[in-house]
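Content type compact mmCIF, C-alpha atoms and all ligand atoms, from the file coords07.txt:
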# COMPACT_ATOMS: atom_id res chain seq x y z
CA MET A 1 0.00 0.00 0.00
CA ASP A 2 1.48 3.32 -1.08
CA PHE A 3 -0.45 6.56 -0.82
CA ARG A 4 2.27 8.72 -2.36
CA LEU A 5 1.67 10.23 -5.77
CA ASN A 6 4.19 9.42 -8.49
CA GLU A 7 6.32 12.19 -10.00
CA GLU A 8 4.00 12.79 -12.95
CA HIS A 9 0.93 13.08 -10.76
CA GLU A 10 2.78 15.42 -8.36
CA ALA A 11 3.90 17.64 -11.24
CA LEU A 12 0.40 17.73 -12.70
CA ARG A 13 -1.11 18.61 -9.34
CA ALA A 14 1.38 21.43 -8.83
CA SER A 15 0.86 22.92 -12.29
CA VAL A 16 -2.95 22.83 -12.03
CA ARG A 17 -2.75 24.33 -8.53
CA ASP A 18 -0.65 27.24 -9.85
CA PHE A 19 -2.97 27.70 -12.82
CA ALA A 20 -6.05 27.79 -10.58
CA ARG A 21 -4.50 30.34 -8.23
CA GLU A 22 -2.86 32.55 -10.84
CA VAL A 23 -5.26 32.39 -13.78
CA VAL A 24 -8.69 31.29 -12.48
CA ALA A 25 -8.89 32.98 -9.07
CA PRO A 26 -8.42 36.59 -10.21
CA VAL A 27 -11.24 36.55 -12.81
CA ILE A 28 -13.77 33.90 -11.88
CA ALA A 29 -15.89 35.99 -9.49
CA GLU A 30 -16.65 38.37 -12.36
CA HIS A 31 -17.85 35.46 -14.51
CA TYR A 32 -20.16 34.39 -11.66
CA GLU A 33 -21.47 37.91 -11.34
CA GLN A 34 -22.12 38.23 -15.08
CA HIS A 35 -23.14 34.56 -15.61
CA THR A 36 -20.60 34.29 -18.44
CA PHE A 37 -18.74 31.22 -19.65
CA PRO A 38 -14.96 31.56 -19.12
CA TYR A 39 -13.82 30.82 -22.69
CA GLU A 40 -10.30 32.20 -22.15
CA ILE A 41 -9.71 29.97 -19.12
CA ILE A 42 -11.03 26.94 -21.00
CA ARG A 43 -8.75 27.74 -23.95
CA GLN A 44 -5.74 27.81 -21.64
CA MET A 45 -6.81 24.56 -19.97
CA GLY A 46 -6.91 23.05 -23.46
CA LYS A 47 -3.35 24.21 -24.11
CA MET A 48 -2.25 22.60 -20.83
CA GLY A 49 -3.63 19.29 -22.09
CA LEU A 50 -6.24 18.93 -19.32
CA PHE A 51 -9.01 17.79 -21.69
CA GLY A 52 -6.81 14.97 -22.97
CA LEU A 53 -5.56 13.76 -19.59
CA PRO A 54 -7.00 10.23 -19.37
CA PHE A 55 -6.83 9.39 -23.08
CA GLY A 56 -4.29 7.58 -25.22
CA GLU A 57 -1.84 9.57 -27.34
CA GLU A 58 -3.10 7.85 -30.52
CA HIS A 59 -6.24 10.04 -30.30
CA GLY A 60 -4.43 13.22 -29.29
CA GLY A 61 -4.66 12.53 -25.55
CA MET A 62 -1.95 12.99 -22.92
CA GLY A 63 -1.53 9.27 -22.21
CA GLY A 64 -2.39 9.79 -18.54
CA ASP A 65 -5.08 8.06 -16.53
CA TYR A 66 -8.42 8.71 -14.84
CA PHE A 67 -6.69 9.45 -11.54
CA ALA A 68 -4.76 12.28 -13.25
CA LEU A 69 -8.08 13.78 -14.31
CA CYS A 70 -9.32 13.53 -10.70
CA LEU A 71 -6.24 15.30 -9.35
CA ALA A 72 -6.71 18.13 -11.85
CA LEU A 73 -10.39 18.43 -10.91
CA GLU A 74 -9.56 18.56 -7.21
CA GLU A 75 -7.05 21.37 -7.70
CA LEU A 76 -9.37 23.40 -9.94
CA ALA A 77 -12.35 23.00 -7.58
CA ARG A 78 -10.19 24.13 -4.68
CA VAL A 79 -10.46 27.54 -6.35
CA ASP A 80 -13.58 27.25 -8.52
CA SER A 81 -16.21 24.62 -9.29
CA SER A 82 -17.62 26.03 -12.56
CA VAL A 83 -14.31 25.58 -14.33
CA ALA A 84 -13.90 22.16 -12.71
CA ILE A 85 -17.37 20.90 -13.73
CA THR A 86 -16.79 22.16 -17.27
CA LEU A 87 -13.67 19.96 -17.44
CA GLU A 88 -15.35 17.03 -15.67
CA ALA A 89 -18.37 17.05 -17.98
CA ALA A 90 -16.24 17.61 -21.10
CA VAL A 91 -13.93 14.69 -20.37
CA SER A 92 -15.83 12.16 -18.32
CA LEU A 93 -19.31 12.67 -19.84
CA GLY A 94 -18.50 14.26 -23.21
CA ALA A 95 -15.46 12.63 -24.76
CA MET A 96 -15.36 9.39 -22.73
CA PRO A 97 -18.47 7.74 -24.31
CA ILE A 98 -16.92 8.22 -27.77
CA TYR A 99 -13.53 6.97 -26.55
CA ARG A 100 -15.03 3.90 -24.86
CA PHE A 101 -17.78 2.94 -27.28
CA GLY A 102 -17.22 4.81 -30.58
CA THR A 103 -16.24 3.36 -33.94
CA ASP A 104 -12.81 4.17 -35.41
CA GLU A 105 -14.48 6.74 -37.69
CA GLN A 106 -16.30 8.42 -34.78
CA LYS A 107 -13.09 8.55 -32.75
CA ALA A 108 -11.09 9.97 -35.66
CA ARG A 109 -13.74 12.59 -36.36
CA TRP A 110 -14.44 13.83 -32.84
CA LEU A 111 -11.70 12.96 -30.36
CA PRO A 112 -8.84 15.20 -31.59
CA LYS A 113 -10.88 18.38 -31.11
CA LEU A 114 -12.51 17.22 -27.86
CA LEU A 115 -9.20 16.12 -26.34
CA SER A 116 -7.49 19.40 -27.21
CA GLY A 117 -10.29 21.42 -25.59
CA GLU A 118 -10.95 23.14 -28.91
CA ALA A 119 -14.49 21.67 -28.76
CA LEU A 120 -16.81 20.42 -26.00
CA ALA A 121 -19.39 17.62 -25.96
CA GLY A 122 -22.51 17.22 -23.79
CA PHE A 123 -24.02 14.04 -22.33
CA GLY A 124 -27.77 13.98 -22.80
CA LEU A 125 -29.36 11.53 -20.40
CA THR A 126 -31.63 13.44 -17.99
CA GLU A 127 -35.06 14.49 -19.26
CA PRO A 128 -37.56 16.99 -17.88
CA GLY A 129 -39.59 14.08 -16.45
CA PHE A 130 -36.83 11.54 -15.63
CA GLY A 131 -33.51 11.95 -13.83
CA SER A 132 -32.70 9.29 -11.22
CA ASP A 133 -35.12 6.98 -13.02
CA ALA A 134 -33.19 7.18 -16.30
CA GLY A 135 -34.78 3.95 -17.52
CA GLY A 136 -37.94 6.03 -17.97
CA THR A 137 -36.34 7.88 -20.91
CA GLU A 138 -39.00 9.03 -23.36
CA THR A 139 -36.87 10.58 -26.11
CA ARG A 140 -37.31 8.34 -29.15
CA ALA A 141 -35.14 7.62 -32.16
CA VAL A 142 -36.63 5.80 -35.13
CA LEU A 143 -34.49 4.50 -37.98
CA ASP A 144 -35.87 5.78 -41.30
CA GLU A 145 -34.70 3.03 -43.62
CA SER A 146 -35.48 5.02 -46.77
CA THR A 147 -32.81 7.62 -45.90
CA ASN A 148 -30.77 5.54 -43.42
CA GLU A 149 -31.19 8.22 -40.76
CA TRP A 150 -32.25 8.29 -37.11
CA VAL A 151 -35.21 10.59 -36.52
CA ILE A 152 -35.09 11.88 -32.94
CA ASN A 153 -37.96 13.41 -30.97
CA GLY A 154 -37.95 14.41 -27.32
CA ALA A 155 -36.27 16.66 -24.76
CA LYS A 156 -33.30 16.60 -22.39
CA ALA A 157 -32.90 18.67 -19.21
CA PHE A 158 -29.90 20.21 -17.40
CA ILE A 159 -27.28 19.24 -20.00
CA THR A 160 -23.82 20.61 -19.17
CA ASN A 161 -21.61 22.07 -21.95
CA SER A 162 -24.44 21.69 -24.48
CA GLY A 163 -24.76 25.30 -25.60
CA THR A 164 -21.35 26.96 -25.66
CA ASP A 165 -19.90 28.52 -28.82
CA ILE A 166 -17.49 25.58 -28.99
CA THR A 167 -19.95 22.72 -28.31
CA ALA A 168 -19.51 20.22 -31.14
CA LEU A 169 -22.06 17.55 -30.21
CA VAL A 170 -24.31 15.98 -27.62
CA THR A 171 -24.64 12.24 -27.10
CA VAL A 172 -28.33 11.50 -26.62
CA ALA A 173 -29.85 8.50 -24.84
CA ALA A 174 -32.98 7.51 -26.75
CA VAL A 175 -35.51 4.67 -26.94
CA THR A 176 -34.82 2.85 -30.20
CA GLY A 177 -37.31 0.02 -29.75
CA ILE A 178 -39.28 -2.20 -27.38
CA ARG A 179 -37.86 -5.61 -26.44
CA SER A 180 -39.89 -8.83 -26.50
CA ASP A 181 -40.35 -8.59 -22.68
CA GLY A 182 -41.90 -5.13 -23.11
CA SER A 183 -38.87 -3.21 -21.75
CA LYS A 184 -37.37 -0.24 -23.56
CA GLU A 185 -34.38 -0.70 -25.85
CA LEU A 186 -32.09 2.27 -25.14
CA SER A 187 -29.30 3.39 -27.45
CA THR A 188 -26.94 6.36 -27.61
CA ILE A 189 -26.79 8.60 -30.66
CA ILE A 190 -24.36 11.38 -31.51
CA VAL A 191 -26.11 14.62 -32.46
CA PRO A 192 -23.77 17.33 -33.82
CA SER A 193 -24.49 20.92 -32.79
CA GLY A 194 -26.45 22.83 -35.41
CA THR A 195 -28.30 19.76 -36.74
CA PRO A 196 -31.74 20.94 -37.97
CA GLY A 197 -34.44 20.02 -35.43
CA PHE A 198 -31.99 20.19 -32.48
CA THR A 199 -32.57 23.34 -30.43
CA VAL A 200 -30.78 24.56 -27.34
CA ALA A 201 -32.85 26.64 -24.91
CA PRO A 202 -31.32 29.70 -23.22
CA GLY A 203 -29.15 28.87 -20.19
CA TYR A 204 -30.90 28.15 -16.88
CA SER A 205 -30.82 30.65 -14.04
CA LYS A 206 -28.88 28.55 -11.49
CA VAL A 207 -28.09 28.82 -7.77
CA GLY A 208 -24.44 27.86 -8.29
CA TRP A 209 -22.01 26.79 -11.03
CA THR A 210 -23.09 30.04 -12.65
CA ALA A 211 -20.01 30.27 -14.86
CA SER A 212 -20.75 26.82 -16.34
CA ASP A 213 -23.04 26.05 -19.28
CA THR A 214 -26.33 24.19 -18.71
CA HIS A 215 -29.35 23.97 -21.05
CA GLU A 216 -32.57 22.19 -21.83
CA LEU A 217 -32.49 20.61 -25.29
CA ALA A 218 -35.31 19.83 -27.71
CA PHE A 219 -35.31 17.35 -30.59
CA ASP A 220 -38.04 17.81 -33.14
CA ASP A 221 -37.79 15.40 -36.09
CA CYS A 222 -34.04 15.82 -35.76
CA ARG A 223 -32.29 13.63 -38.35
CA VAL A 224 -28.77 12.27 -38.09
CA PRO A 225 -27.06 9.56 -40.21
CA ALA A 226 -27.50 5.93 -39.05
CA GLU A 227 -23.73 5.71 -38.44
CA ASN A 228 -24.10 8.25 -35.58
CA LEU A 229 -25.25 5.36 -33.38
CA LEU A 230 -22.67 5.11 -30.57
CA GLY A 231 -21.50 1.52 -30.14
CA GLU A 232 -24.08 -1.23 -30.36
CA ARG A 233 -27.80 -0.62 -30.68
CA GLY A 234 -29.58 -1.46 -27.41
CA ARG A 235 -26.49 -0.96 -25.22
CA GLY A 236 -27.42 2.57 -24.11
CA PHE A 237 -28.30 1.57 -20.54
CA ALA A 238 -25.04 -0.32 -19.97
CA GLN A 239 -23.08 2.53 -21.56
CA PHE A 240 -24.42 5.29 -19.36
CA LEU A 241 -24.12 3.17 -16.21
CA ARG A 242 -20.41 2.68 -16.97
CA ILE A 243 -19.91 6.38 -17.73
CA LEU A 244 -21.73 7.42 -14.54
CA ASP A 245 -19.84 4.92 -12.36
CA GLU A 246 -16.54 6.45 -13.43
CA GLY A 247 -17.93 9.96 -13.34
CA ARG A 248 -18.77 9.57 -9.66
CA ILE A 249 -15.08 9.30 -8.82
CA ALA A 250 -14.47 12.52 -10.74
CA ILE A 251 -17.34 14.31 -8.94
CA ALA A 252 -15.95 13.05 -5.62
CA ALA A 253 -12.57 14.59 -6.52
CA LEU A 254 -14.29 17.86 -7.41
CA ALA A 255 -16.16 17.80 -4.07
CA VAL A 256 -12.91 17.18 -2.18
CA GLY A 257 -11.40 20.18 -3.95
CA LEU A 258 -14.29 22.40 -2.85
CA ALA A 259 -14.03 21.04 0.71
CA GLN A 260 -10.28 21.73 0.77
CA GLY A 261 -10.81 25.21 -0.66
CA CYS A 262 -13.11 25.87 2.31
CA VAL A 263 -10.27 24.89 4.66
CA ASP A 264 -7.77 27.12 2.80
CA GLU A 265 -10.04 30.16 2.94
CA SER A 266 -11.05 29.56 6.57
CA VAL A 267 -7.47 29.25 7.85
CA LYS A 268 -6.56 32.46 6.02
CA TYR A 269 -9.58 34.38 7.31
CA ALA A 270 -9.36 33.09 10.89
CA LYS A 271 -5.81 34.41 11.16
CA GLN A 272 -6.66 37.90 9.95
CA ARG A 273 -10.11 38.57 11.43
CA HIS A 274 -10.10 39.93 14.96
CA ALA A 275 -12.87 39.74 17.55
CA PHE A 276 -12.65 40.52 21.27
CA GLY A 277 -9.05 41.66 20.91
CA GLN A 278 -7.53 38.73 19.07
CA PRO A 279 -7.68 36.75 15.81
CA ILE A 280 -10.76 34.52 15.76
CA GLY A 281 -8.38 31.66 14.88
CA ASN A 282 -7.10 31.80 18.47
CA TYR A 283 -10.47 30.55 19.71
CA GLN A 284 -10.71 26.82 20.04
CA ALA A 285 -14.30 26.83 18.73
CA ILE A 286 -12.97 28.10 15.39
CA GLN A 287 -9.89 25.82 15.46
CA PHE A 288 -12.09 22.77 16.07
CA LYS A 289 -14.39 23.67 13.18
CA ILE A 290 -11.36 23.95 10.87
CA ALA A 291 -9.83 20.73 12.22
CA ASP A 292 -13.09 18.89 11.49
CA MET A 293 -13.20 20.38 8.00
CA GLU A 294 -9.64 19.20 7.30
CA MET A 295 -10.46 15.72 8.64
CA LYS A 296 -13.48 15.49 6.34
CA ALA A 297 -11.56 16.63 3.24
CA HIS A 298 -8.78 14.15 4.03
CA THR A 299 -11.03 11.11 4.51
CA ALA A 300 -13.08 11.93 1.41
CA ARG A 301 -9.82 12.19 -0.57
CA LEU A 302 -8.81 8.72 0.59
CA ALA A 303 -12.21 7.40 -0.51
CA TYR A 304 -11.83 8.72 -4.05
CA TYR A 305 -8.17 7.63 -4.26
CA ASP A 306 -9.32 4.11 -3.36
CA ALA A 307 -12.12 4.09 -5.97
CA ALA A 308 -9.73 5.44 -8.63
CA ALA A 309 -7.06 2.87 -7.74
CA ARG A 310 -9.61 0.08 -8.20
CA LEU A 311 -10.74 1.50 -11.53
CA LEU A 312 -7.13 1.67 -12.77
CA ALA A 313 -6.44 -1.88 -11.54
CA GLY A 314 -9.47 -3.20 -13.45
CA ALA A 315 -11.10 -4.28 -10.17
CA PRO A 316 -14.82 -3.77 -9.36
CA PHE A 317 -15.26 -0.17 -8.22
CA LYS A 318 -19.00 0.57 -8.34
CA ARG A 319 -19.56 0.52 -4.58
CA GLN A 320 -16.36 2.44 -3.81
CA ALA A 321 -17.20 5.10 -6.41
CA ALA A 322 -20.67 5.54 -4.88
CA ILE A 323 -19.18 5.72 -1.36
CA ALA A 324 -16.63 8.31 -2.50
CA LYS A 325 -19.27 10.43 -4.23
CA LEU A 326 -21.75 10.21 -1.36
CA HIS A 327 -19.15 11.00 1.32
CA ALA A 328 -17.31 13.73 -0.60
CA SER A 329 -20.47 15.58 -1.60
CA THR A 330 -21.83 15.41 1.97
CA ILE A 331 -18.64 16.80 3.49
CA ALA A 332 -18.34 19.46 0.76
CA VAL A 333 -21.73 20.83 1.84
CA ASP A 334 -20.66 20.60 5.52
CA ASN A 335 -17.39 22.41 4.88
CA ALA A 336 -19.03 25.12 2.79
CA ARG A 337 -21.55 25.77 5.58
CA GLU A 338 -18.82 25.96 8.25
CA ALA A 339 -16.51 28.11 6.11
CA THR A 340 -19.34 30.58 5.60
CA GLN A 341 -19.99 30.58 9.36
CA ILE A 342 -16.32 31.30 10.10
CA HIS A 343 -16.48 34.27 7.71
CA GLY A 344 -19.49 35.72 9.52
CA GLY A 345 -21.33 38.42 7.53
CA TYR A 346 -18.56 38.52 4.94
CA GLY A 347 -19.26 34.87 4.19
CA PHE A 348 -22.63 35.97 2.83
CA MET A 349 -21.01 38.42 0.42
CA ASN A 350 -20.24 37.27 -3.09
CA GLU A 351 -16.82 38.91 -3.04
CA TYR A 352 -15.57 36.11 -0.76
CA PRO A 353 -14.83 32.74 -2.39
CA VAL A 354 -16.66 30.88 0.38
CA ALA A 355 -19.96 32.42 -0.75
CA ARG A 356 -19.37 30.80 -4.15
CA PHE A 357 -18.35 27.53 -2.49
CA TRP A 358 -21.56 27.51 -0.49
CA ARG A 359 -23.75 28.05 -3.55
CA ASP A 360 -21.73 25.52 -5.59
CA SER A 361 -21.73 22.78 -2.97
CA LYS A 362 -25.40 21.69 -2.99
CA ILE A 363 -25.46 20.41 -6.58
CA LEU A 364 -22.74 17.90 -5.63
CA GLU A 365 -25.38 15.97 -3.66
CA ILE A 366 -27.64 15.93 -6.74
CA GLY A 367 -25.71 15.71 -10.04
CA GLU A 368 -24.48 12.38 -11.49
CA GLY A 369 -26.76 10.52 -9.10
CA THR A 370 -28.33 11.99 -5.96
CA SER A 371 -27.19 10.95 -2.49
CA GLU A 372 -30.26 8.70 -2.29
CA VAL A 373 -29.23 7.01 -5.55
CA GLN A 374 -25.68 6.48 -4.19
CA ARG A 375 -27.18 4.78 -1.13
CA MET A 376 -29.31 2.59 -3.41
CA ILE A 377 -26.17 1.56 -5.35
CA ILE A 378 -24.25 0.75 -2.15
CA ALA A 379 -27.15 -1.22 -0.67
CA ARG A 380 -27.66 -3.17 -3.93
CA ASP A 381 -23.98 -4.00 -4.05
CA LEU A 382 -24.34 -5.42 -0.54
CA GLY A 383 -26.96 -7.79 -1.93
CA MET A 384 -30.05 -5.92 -0.72
C1 LIG B 1 -26.36 22.00 -12.98
C2 LIG B 1 -26.75 20.62 -13.42
C3 LIG B 1 -26.00 19.99 -14.42
C4 LIG B 1 -26.39 18.73 -14.88
N1 LIG B 1 -25.71 18.16 -15.94
C5 LIG B 1 -26.22 17.04 -16.51
C6 LIG B 1 -25.65 16.52 -17.74
O1 LIG B 1 -24.67 17.05 -18.27
N2 LIG B 1 -26.22 15.43 -18.30
C7 LIG B 1 -27.31 14.81 -17.76
O2 LIG B 1 -27.79 13.84 -18.33
N3 LIG B 1 -27.86 15.25 -16.59
C8 LIG B 1 -27.34 16.36 -15.96
N4 LIG B 1 -27.90 16.84 -14.81
C9 LIG B 1 -29.04 16.15 -14.22
C10 LIG B 1 -28.75 15.45 -12.90
O3 LIG B 1 -27.93 14.33 -13.11
C11 LIG B 1 -30.12 15.11 -12.28
O4 LIG B 1 -30.68 16.33 -11.83
C12 LIG B 1 -30.01 14.12 -11.14
O5 LIG B 1 -29.61 12.85 -11.60
C13 LIG B 1 -31.35 13.97 -10.37
O6 LIG B 1 -32.40 13.78 -11.24
P1 LIG B 1 -33.73 14.68 -11.10
O7 LIG B 1 -33.28 16.10 -11.07
O8 LIG B 1 -34.67 14.29 -12.17
O9 LIG B 1 -34.32 14.32 -9.70
P2 LIG B 1 -35.38 13.14 -9.41
O10 LIG B 1 -34.90 11.87 -9.99
O11 LIG B 1 -36.73 13.61 -9.80
O12 LIG B 1 -35.29 13.05 -7.84
C14 LIG B 1 -35.99 13.93 -6.95
C15 LIG B 1 -35.72 13.47 -5.52
O13 LIG B 1 -36.27 12.16 -5.34
C16 LIG B 1 -35.26 11.29 -4.88
N5 LIG B 1 -35.52 9.94 -5.39
C17 LIG B 1 -35.74 9.56 -6.66
N6 LIG B 1 -35.91 8.24 -6.73
C18 LIG B 1 -35.79 7.76 -5.47
C19 LIG B 1 -35.85 6.46 -4.86
N7 LIG B 1 -36.07 5.36 -5.60
N8 LIG B 1 -35.68 6.36 -3.53
C20 LIG B 1 -35.44 7.46 -2.77
N9 LIG B 1 -35.37 8.71 -3.26
C21 LIG B 1 -35.53 8.85 -4.60
C22 LIG B 1 -33.96 11.87 -5.41
O14 LIG B 1 -32.84 11.38 -4.70
C23 LIG B 1 -34.22 13.35 -5.22
O15 LIG B 1 -33.98 13.70 -3.88
C24 LIG B 1 -27.49 18.07 -14.30
C25 LIG B 1 -28.22 18.69 -13.27
C26 LIG B 1 -27.86 19.96 -12.85
C27 LIG B 1 -28.70 20.62 -11.79
Would you kindly transcribe this structure into structure tokens?
Amino acid sequence: MDFRLNEEHEALRASVRDFAREVVAPVIAEHYEQHTFPYEIIRQMGKMGLFGLPFGEEHGGMGGDYFALCLALEELARVDSSVAITLEAAVSLGAMPIYRFGTDEQKARWLPKLLSGEALAGFGLTEPGFGSDAGGTETRAVLDESTNEWVINGAKAFITNSGTDITALVTVAAVTGIRSDGSKELSTIIVPSGTPGFTVAPGYSKVGWTASDTHELAFDDCRVPAENLLGERGRGFAQFLRILDEGRIAIAALAVGLAQGCVDESVKYAKQRHAFGQPIGNYQAIQFKIADMEMKAHTARLAYYDAAARLLAGAPFKRQAAIAKLHASTIAVDNAREATQIHGGYGFMNEYPVARFWRDSKILEIGEGTSEVQRMIIARDLGM
């Protein structure tokens, strides 16, 4: 057992940490204020190779691994979660389905621009009426044999990275038939941006992650070539379960970053803020809060390291990924609440990073499977 990072992982962590502090921190509050997407930051992240981290060099990737992606997400989220979720969704939800399940042609067409960060892809699973219960998907795709095209009708809700100026495509989970036992046959289809019949609604007004891109999508007799089917027909359910299992480790890393950012900001503030004649950090009540926050960030980090190590070793990791996501998102919310408390009235002001952390933390208990869904996964894996 060795918990030390290797040299490459250490170097990556250090360079992303510097980037987050020097490039992201000075400008991100303004993007939150204006609800604007930070294109310039994303462009620089592309140049650093962050979008290609866990992919092979043959497709333009960096030849790293999924753990490298998690480390980068943790360091970004330590400063800002909108930038981190943009990377997480672009890599783990956007490019990964094509990398894992795409044909050689699909990989050659899409991966180079997705892995360089020049383009982004969205993952269209959730619908206005179905989120946790993704098997309820109602969006339909019918193969028109006369033109050899899929004709897609339906809607998707809350899709990250689906409406930026550089979004190239969305992968859409759709019902492509009914099986003999009456269950739905689900498949995944690639829909390029700008395809007639595919419309992107204006961005949502969100509580947090306000510098990230999230839209509702509509498909109205939207036609794409038959070869846009991703992987095998009828494998949609298995595909998105695999993508979400991995993605939970990435969201756990992002949550640990936010939780650690709360510690960083609280230590700094507690040393400089005075009350009753001395820094508030001299009071044990404040020290104990910060000690608990550090303990929570540390244990959640170990949980995601463990899940990532299992994934890399090819061992079963479903339960560990759910545990990591459940624990890390819970403690991220805890730490954001305590960091705000330590900042007093200033913690309620948007000019302080902890106000952003507080607003950004709640979605971690909801996105990529709610905390209830994580508990269902853990219980099922225990044979219940
Ligand atoms: C900012 C943002 C970005 C997102 N990005 C994407 C994206 O890129 N792609 C994508 O496909 N989706 C995305 N989502 C959707 C997200 O994954 C869903 O919101 C999430 O899975 C929950 O689904 P829901 O909102 O439909 O809630 P519901 O499934 O309606 O759940 C409502 C409540 O009921 C609970 N519940 C449901 N079923 C059970 C049960 N059996 N037992 C106990 N409790 C239960 C839930 O835990 C929750 O508390 C995003 C969401 C947001 C807010």
For Trp358 in chain A, the nearest of the candidates A:Phe219, A:Phe158, A:Tyr269, A:Trp209, counting only C-alpha atoms: A:Trp209
Find the residues near ligand LIG 1 (chain B). Use a cut-off of 8 Å, count all atoms listed in the file, and write them as an MDAnalysis selection string. chainID A and resid 89 93 122:133 156:162 206 208:209 214 363 366:373 376
One decimal, Å: what's the distance from CA of Glu246 in chain A over to CA of Arg233 in chain A, could you say? 21.8 Å
Tell me which residues come within 10 Å of (-38.6, 14.1, -30.3), as JSON, numbers by chain, counting all atoms listed in the file in the file's coordinates. {"A": [138, 139, 140, 141, 142, 151, 152, 153, 154, 155, 156, 174, 197, 198, 218, 219, 220, 221, 222]}
With distances taken over all atoms listed in the file, which residue among A:Ser361, A:Asn6, A:Ser92, A:Ser266 lies nearest Phe240 in chain A?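 Between A:Ser361, A:Asn6, A:Ser92, A:Ser266, the residue approaching Phe240 in chain A most closely is A:Ser92.
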From the options A:Leu186, A:Ala313, A:Ile42, A:Ile377, which residue's atoms come nearest to Leu230 in chain A, counting only C-alpha atoms? A:Leu186
Which distance in Å separates CA of Val24 in chain A and CA of Gly347 in chain A, to one decimal?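 Result for CA of Val24 in chain A versus CA of Gly347 in chain A: 20.1 Å, one decimal.
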Straight-line distance linking CA of Lys325 in chain A with CA of Asp65 in chain A, stated in Å to one decimal: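 Separation between CA of Lys325 in chain A and CA of Asp65 in chain A: 18.9 Å.
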Between A:Lys184, A:Arg21, A:Arg273, A:Arg380, which one has atoms that come closest to Lys318 in chain A, using all atoms listed in the file?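 Of A:Lys184, A:Arg21, A:Arg273, A:Arg380, the one nearest Lys318 in chain A, counting all atoms listed in the file, is A:Arg380.
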With only C-alpha atoms as the counted atoms, please give the residues lying no more than 10 Å from Gly49 in chain A, apart from itself and same-chain residues fewer than 3 positions off, as a PyMOL selection string. chain A and resi 44-46+52-53+60-62+115-117
Expected answer as JSON, numbers by chain: all residues with atoms within 12 Å of (-32.8, 6.0, -40.8), only C-alpha atoms: {"A": [141, 142, 143, 144, 145, 146, 147, 148, 149, 150, 151, 152, 176, 221, 222, 223, 224, 225, 226, 227, 228, 229]}
So which residues touch Asn335 in chain A within 12 Å, counting all atoms listed in the file, skipping near sequence neighbours fewer than 4 positions away, as a ChimeraX atom specification? /A:255-266,289-298,300,328-331,339-342,354-355,357-362
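If you count all atoms listed in the file and ignore residues fewer than 5 places along the chain from range 55-57 of chain A, what sits within 12 Å of it is Gly49, Leu50, Met62, Gly63, Gly64, Asp65, Tyr66, Phe67, Ala68, Leu69, Val91, Ser92, Ala95, Met96, Pro97, Ile98, Tyr99, Arg100, Lys107, Leu111, Pro112, Leu114, Leu115 and Ser116 of chain A.
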Considering all atoms listed in the file, state which residue in the set A:Leu87, A:Leu241, A:Ala321, A:Val170 is at the smallest distance from Glu74 in chain A.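 Residue with the minimum atom-to-atom distance to Glu74 in chain A: A:Leu87.
Each of A:Lys113, A:His343, A:Arg242, A:Arg78 was compared to Ile280 in chain A using all atoms listed in the file, and A:His343 turns out to be the nearest.
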Shell around Leu169 in chain A at 7 Å using all atoms listed in the file, local window under 2 positions removed, as a PyMOL selection string: chain A and resi 121-122+167+171+190-193
